[in-house]
$ cat target-v4.cif   # mmCIF, C-alpha atoms
data_input
loop_
_atom_site.group_PDB
_atom_site.id
_atom_site.type_symbol
_atom_site.label_atom_id
_atom_site.label_comp_id
_atom_site.auth_asym_id
_atom_site.auth_seq_id
_atom_site.Cartn_x
_atom_site.Cartn_y
_atom_site.Cartn_z
ATOM 1 C CA MET X 1 5.671 -7.910 39.166
ATOM 2 C CA GLY X 2 8.755 -9.981 38.742
ATOM 3 C CA SER X 3 10.572 -10.980 35.613
ATOM 4 C CA ASP X 4 7.486 -12.579 34.048
ATOM 5 C CA GLY X 5 5.652 -9.234 34.045
ATOM 6 C CA GLY X 6 8.485 -7.585 32.131
ATOM 7 C CA VAL X 7 8.530 -10.318 29.498
ATOM 8 C CA PHE X 8 4.752 -10.109 29.210
ATOM 9 C CA MET X 9 4.892 -6.344 28.735
ATOM 10 C CA LYS X 10 7.539 -6.715 26.090
ATOM 11 C CA LYS X 11 5.471 -9.277 24.190
ATOM 12 C CA SER X 12 2.334 -7.187 24.597
ATOM 13 C CA ALA X 13 4.179 -4.133 23.279
ATOM 14 C CA LEU X 14 5.332 -6.144 20.256
ATOM 15 C CA VAL X 15 1.782 -7.299 19.601
ATOM 16 C CA ALA X 16 0.493 -3.733 19.948
ATOM 17 C CA ILE X 17 3.103 -2.362 17.539
ATOM 18 C CA GLY X 18 2.350 -5.168 15.093
ATOM 19 C CA GLY X 19 -1.360 -4.433 15.342
ATOM 20 C CA LEU X 20 -0.840 -0.709 14.761
ATOM 21 C CA ALA X 21 1.419 -1.408 11.787
ATOM 22 C CA SER X 22 -1.174 -3.793 10.343
ATOM 23 C CA ALA X 23 -3.898 -1.191 10.829
ATOM 24 C CA LEU X 24 -1.803 1.457 9.057
ATOM 25 C CA CYS X 25 -1.044 -0.936 6.187
ATOM 26 C CA VAL X 26 -4.717 -1.876 5.808
ATOM 27 C CA LEU X 27 -5.684 1.807 5.888
ATOM 28 C CA LEU X 28 -3.199 2.530 3.089
ATOM 29 C CA MET X 29 -4.506 -0.450 1.130
ATOM 30 C CA PHE X 30 -8.104 0.673 1.650
ATOM 31 C CA MET X 31 -7.264 4.086 0.221
ATOM 32 C CA THR X 32 -6.650 2.446 -3.169
ATOM 33 C CA GLY X 33 -10.417 2.178 -3.495
ATOM 34 C CA LEU X 34 -10.968 5.807 -2.527
ATOM 35 C CA ILE X 35 -8.383 7.613 -4.627
ATOM 36 C CA PRO X 36 -8.315 6.959 -8.372
ATOM 37 C CA PHE X 37 -5.057 5.772 -9.951
ATOM 38 C CA SER X 38 -3.571 4.764 -6.611
ATOM 39 C CA THR X 39 -3.577 1.028 -7.325
ATOM 40 C CA TYR X 40 0.216 0.886 -7.324
ATOM 41 C CA VAL X 41 1.150 3.745 -5.009
ATOM 42 C CA PHE X 42 -0.535 2.767 -1.763
ATOM 43 C CA PRO X 43 0.519 -0.920 -1.782
ATOM 44 C CA GLY X 44 4.095 0.351 -2.166
ATOM 45 C CA MET X 45 3.608 2.722 0.753
ATOM 46 C CA ALA X 46 2.129 -0.089 2.856
ATOM 47 C CA GLY X 47 5.260 -2.111 2.128
ATOM 48 C CA ILE X 48 7.387 0.798 3.356
ATOM 49 C CA VAL X 49 5.635 0.576 6.743
ATOM 50 C CA LEU X 50 7.046 -2.927 7.029
ATOM 51 C CA ILE X 51 10.592 -1.510 6.835
ATOM 52 C CA ALA X 52 10.078 0.125 10.235
ATOM 53 C CA VAL X 53 8.587 -3.046 11.704
ATOM 54 C CA ALA X 54 11.435 -5.214 10.374
ATOM 55 C CA THR X 55 14.069 -2.729 11.560
ATOM 56 C CA GLU X 56 12.686 -2.171 15.058
ATOM 57 C CA ILE X 57 11.149 -5.515 15.937
ATOM 58 C CA GLY X 58 12.460 -8.083 13.489
ATOM 59 C CA GLY X 59 11.642 -9.968 10.348
ATOM 60 C CA ALA X 60 9.314 -12.488 11.969
ATOM 61 C CA THR X 61 6.972 -9.808 13.284
ATOM 62 C CA ALA X 62 7.164 -7.924 9.991
ATOM 63 C CA PHE X 63 6.181 -11.121 8.179
ATOM 64 C CA LEU X 64 3.208 -11.574 10.524
ATOM 65 C CA VAL X 65 2.174 -7.974 9.846
ATOM 66 C CA PHE X 66 2.444 -8.726 6.121
ATOM 67 C CA LEU X 67 0.239 -11.824 6.522
ATOM 68 C CA ALA X 68 -2.339 -9.974 8.636
ATOM 69 C CA THR X 69 -2.432 -7.072 6.184
ATOM 70 C CA SER X 70 -2.792 -9.441 3.251
ATOM 71 C CA LEU X 71 -5.661 -11.378 4.818
ATOM 72 C CA LEU X 72 -7.511 -8.298 6.025
ATOM 73 C CA SER X 73 -7.029 -6.593 2.661
ATOM 74 C CA LEU X 74 -8.578 -9.571 0.888
ATOM 75 C CA PHE X 75 -11.786 -8.977 2.851
ATOM 76 C CA ILE X 76 -11.856 -5.184 3.170
ATOM 77 C CA VAL X 77 -10.099 -3.530 0.228
ATOM 78 C CA PRO X 78 -12.308 -2.984 -2.833
ATOM 79 C CA ASP X 79 -9.395 -2.750 -5.314
ATOM 80 C CA ARG X 80 -8.484 -6.412 -5.853
ATOM 81 C CA GLU X 81 -5.644 -5.577 -8.217
ATOM 82 C CA SER X 82 -3.824 -3.604 -5.518
ATOM 83 C CA VAL X 83 -4.320 -6.412 -2.985
ATOM 84 C CA LEU X 84 -2.879 -8.908 -5.437
ATOM 85 C CA LEU X 85 0.105 -6.646 -6.116
ATOM 86 C CA PHE X 86 0.710 -6.198 -2.381
ATOM 87 C CA ILE X 87 0.594 -9.942 -1.770
ATOM 88 C CA MET X 88 2.690 -10.883 -4.793
ATOM 89 C CA LEU X 89 5.463 -8.275 -4.469
ATOM 90 C CA LEU X 90 5.126 -4.933 -2.713
ATOM 91 C CA GLY X 91 4.262 -6.339 0.709
ATOM 92 C CA TYR X 92 7.209 -8.638 1.242
ATOM 93 C CA TYR X 93 9.827 -7.029 -1.014
ATOM 94 C CA PRO X 94 10.890 -4.314 1.482
ATOM 95 C CA MET X 95 11.568 -7.088 4.018
ATOM 96 C CA ILE X 96 13.729 -9.220 1.698
ATOM 97 C CA LYS X 97 15.535 -6.288 0.060
ATOM 98 C CA PRO X 98 18.306 -6.081 2.717
ATOM 99 C CA LYS X 99 18.948 -9.816 2.346
ATOM 100 C CA LEU X 100 19.103 -9.555 -1.447
ATOM 101 C CA GLU X 101 21.604 -6.721 -1.197
ATOM 102 C CA ARG X 102 24.051 -8.957 0.657
ATOM 103 C CA LEU X 103 24.620 -10.839 -2.604
ATOM 104 C CA PRO X 104 27.597 -9.868 -4.791
ATOM 105 C CA LYS X 105 26.863 -6.630 -6.680
ATOM 106 C CA PRO X 106 26.278 -8.068 -10.194
ATOM 107 C CA PHE X 107 23.929 -10.730 -8.840
ATOM 108 C CA VAL X 108 21.851 -8.230 -6.851
ATOM 109 C CA PHE X 109 20.400 -6.565 -9.951
ATOM 110 C CA LEU X 110 20.035 -9.887 -11.737
ATOM 111 C CA VAL X 111 18.139 -11.537 -8.884
ATOM 112 C CA LYS X 112 15.955 -8.459 -8.321
ATOM 113 C CA GLY X 113 15.203 -8.253 -12.052
ATOM 114 C CA ILE X 114 14.341 -11.939 -12.302
ATOM 115 C CA LEU X 115 12.164 -11.760 -9.183
ATOM 116 C CA PHE X 116 10.302 -8.710 -10.449
ATOM 117 C CA ASN X 117 9.768 -10.020 -13.974
ATOM 118 C CA VAL X 118 8.525 -13.419 -12.792
ATOM 119 C CA VAL X 119 6.153 -11.724 -10.344
ATOM 120 C CA ILE X 120 4.904 -9.109 -12.825
ATOM 121 C CA VAL X 121 4.164 -11.719 -15.508
ATOM 122 C CA ALA X 122 2.383 -13.878 -12.912
ATOM 123 C CA PHE X 123 0.529 -10.755 -11.740
ATOM 124 C CA TYR X 124 -0.564 -10.008 -15.312
ATOM 125 C CA TYR X 125 -2.017 -13.486 -15.788
ATOM 126 C CA ALA X 126 -3.537 -13.522 -12.305
ATOM 127 C CA THR X 127 -5.386 -10.266 -13.022
ATOM 128 C CA ILE X 128 -6.790 -11.786 -16.198
ATOM 129 C CA TYR X 129 -7.692 -15.267 -14.945
ATOM 130 C CA LEU X 130 -8.268 -14.847 -11.198
ATOM 131 C CA LEU X 131 -9.716 -11.357 -11.083
ATOM 132 C CA GLY X 132 -11.425 -11.476 -14.462
ATOM 133 C CA ILE X 133 -9.944 -8.199 -15.661
ATOM 134 C CA PRO X 134 -9.974 -8.289 -19.479
ATOM 135 C CA ASP X 135 -6.722 -8.437 -21.405
ATOM 136 C CA LEU X 136 -6.316 -4.858 -22.596
ATOM 137 C CA LEU X 137 -3.431 -5.730 -24.902
ATOM 138 C CA SER X 138 -5.660 -7.852 -27.138
ATOM 139 C CA ASP X 139 -7.621 -4.709 -28.103
ATOM 140 C CA TRP X 140 -4.495 -3.193 -29.628
ATOM 141 C CA GLY X 141 -4.304 -5.796 -32.392
ATOM 142 C CA SER X 142 -0.838 -6.256 -33.862
ATOM 143 C CA LEU X 143 0.484 -3.306 -31.801
ATOM 144 C CA GLY X 144 -0.490 -5.153 -28.600
ATOM 145 C CA LYS X 145 2.522 -7.447 -28.684
ATOM 146 C CA TYR X 146 4.880 -4.441 -28.835
ATOM 147 C CA THR X 147 2.893 -2.624 -26.195
ATOM 148 C CA SER X 148 3.504 -5.465 -23.760
ATOM 149 C CA TYR X 149 7.281 -5.114 -24.184
ATOM 150 C CA VAL X 150 7.109 -1.349 -23.706
ATOM 151 C CA ALA X 151 4.876 -1.786 -20.649
ATOM 152 C CA LEU X 152 7.243 -4.404 -19.200
ATOM 153 C CA GLY X 153 10.209 -2.086 -19.780
ATOM 154 C CA LEU X 154 8.420 0.795 -18.054
ATOM 155 C CA ALA X 155 7.404 -1.504 -15.210
ATOM 156 C CA ASN X 156 11.050 -2.578 -14.767
ATOM 157 C CA TYR X 157 12.177 1.048 -14.718
ATOM 158 C CA THR X 158 9.481 1.861 -12.142
ATOM 159 C CA PHE X 159 10.472 -1.123 -9.998
ATOM 160 C CA PHE X 160 14.139 -0.179 -9.929
ATOM 161 C CA MET X 161 13.207 3.412 -9.067
ATOM 162 C CA TYR X 162 11.040 2.028 -6.233
ATOM 163 C CA ASP X 163 13.983 -0.115 -5.139
ATOM 164 C CA PHE X 164 16.301 2.918 -5.149
ATOM 165 C CA LEU X 165 13.772 4.982 -3.181
ATOM 166 C CA LEU X 166 13.326 2.156 -0.661
ATOM 167 C CA SER X 167 17.055 2.347 0.019
ATOM 168 C CA ARG X 168 16.769 6.088 0.612
ATOM 169 C CA VAL X 169 13.719 5.682 2.861
ATOM 170 C CA LEU X 170 15.572 3.096 4.946
ATOM 171 C CA LEU X 171 18.561 5.439 5.335
ATOM 172 C CA LEU X 172 16.233 8.308 6.229
ATOM 173 C CA TYR X 173 14.476 6.127 8.785
ATOM 174 C CA ILE X 174 17.695 4.911 10.405
ATOM 175 C CA HIS X 175 19.655 8.168 10.386
ATOM 176 C CA TRP X 176 16.942 10.795 10.869
ATOM 177 C CA PHE X 177 13.594 9.410 12.064
ATOM 178 C CA ARG X 178 14.917 6.886 14.560
ATOM 179 C CA PRO X 179 17.366 9.201 16.404
ATOM 180 C CA ARG X 180 15.214 12.347 16.289
ATOM 181 C CA ILE X 181 11.697 10.981 16.757
ATOM 182 C CA LEU X 182 11.853 7.493 18.252
ATOM 183 C CA LYS X 183 14.619 8.398 20.693
ATOM 184 C CA LYS X 184 12.437 11.183 22.112
ATOM 185 C CA LEU X 185 9.504 8.803 22.533
ATOM 186 C CA SER X 186 11.464 6.214 24.497
#
$ encode --input "target-v4.cif" --output "structure tokens"
Amino acid sequence: MGSDGGVFMKKSALVAIGGLASALCVLLMFMTGLIPFSTYVFPGMAGIVLIAVATEIGGATAFLVFLATSLLSLFIVPDRESVLLFIMLLGYYPMIKPKLERLPKPFVFLVKGILFNVVIVAFYYATIYLLGIPDLLSDWGSLGKYTSYVALGLANYTFFMYDFLLSRVLLLYIHWFRPRILKKLS
């Protein structure tokens, strides 16, 4: 076969792994339409799949998997809110998290907080104006303005818990799954 056959097999294996990862991500995204109240859970889980792709193959392939998942989800997934959340934050965040954590410690939380709050406010307005989901806070009258602050605080807490759990999943992947499962497969 020569050296060209080996390079071709390696590229074909990368494409196959990327395709399988995209299929798994789209399946997780599709499940948001099947299981009630999973609008935020399954996009987060689909983002976790990208940790394995970024770790094993590299960031460029993980980004292509993110793009493929995003485009396919736009056409297939019935829950538009979950697709928007995946595209705006939960799809790419697991890939940029290791780069953000190289910043000095005080700046890490600041940058993550700013990123999340900018994205979540943009997500809120995008759900109202792009998806046509009515503004639920306006129904609360004068309590609605306080409700938005409470909701934003809870969303920040949830995001930082997700961030903490992503760190643990990455450690679990590197120190348990990779040596015990992937090593046996290769």
$ residues_around --input "target-v4.cif" --residues "Val121 of chain X" --least-positions-apart "3" --cutoff "12 Å" --atoms "all atoms listed in the file" --output "PyMOL selection string"
chain X and resi 85+88-89+114-118+124-128+148-149+151-152+155-156
$ closest_residue --input "target-v4.cif" --among "X:Tyr40, X:Ala16, X:Gly33, X:Glu81" --to "Ile57 of chain X" --atoms "all atoms listed in the file"
X:Ala16
$ residues_around --input "target-v4.cif" --residues "segment 58-72 of chain X" --least-positions-apart "3" --cutoff "8 Å" --atoms "all atoms listed in the file" --output "ChimeraX atom specification"
/X:18-19,21-23,25-26,50-51,53-55,75-77,83,86-87,91-92,95
$ atom_distance --input "target-v4.cif" --atom1 "atom CA of Pro36 of chain X" --atom2 "atom CA of Ala52 of chain X"
27.0 Å
$ axis_aligned_box --input "target-v4.cif" --around "segment 9-18 of chain X" --padding-each-side "6 Å" --output "AutoDock Vina command-line options"
--center_x 4.0 --center_y -5.8 --center_z 21.9 --size_x 19.0 --size_y 18.9 --size_z 25.6
$ residues_near_point --input "target-v4.cif" --point "(13.2, -6.9, -2.6)" --cutoff "12 Å" --atoms "only C-alpha atoms" --output "MDAnalysis selection string"
chainID X and resid 44 47:48 51 88:102 108:116 119 159:160 162:167
$ closest_residue --input "target-v4.cif" --among "X:Leu84, X:Leu182, X:Val49, X:Val15" --to "Leu170 of chain X" --atoms "all atoms listed in the file"
X:Val49
$ closest_residue --input "target-v4.cif" --among "X:Arg178, X:Arg80, X:Arg168, X:Lys183" --to "Phe30 of chain X" --atoms "all atoms listed in the file"
X:Arg80
$ atom_distance --input "target-v4.cif" --atom1 "atom CA of Ile133 of chain X" --atom2 "atom CA of Ile120 of chain X"
15.1 Å
$ atom_distance --input "target-v4.cif" --atom1 "atom CA of Ser82 of chain X" --atom2 "atom CA of Tyr146 of chain X"
24.9 Å
$ closest_residue --input "target-v4.cif" --among "X:Val41, X:Ile174, X:Ser73, X:Lys10" --to "Leu27 of chain X" --atoms "only C-alpha atoms"
X:Ser73
$ closest_residue --input "target-v4.cif" --among "X:Leu74, X:Val169, X:Leu14, X:Leu20" --to "Met45 of chain X" --atoms "only C-alpha atoms"
X:Val169
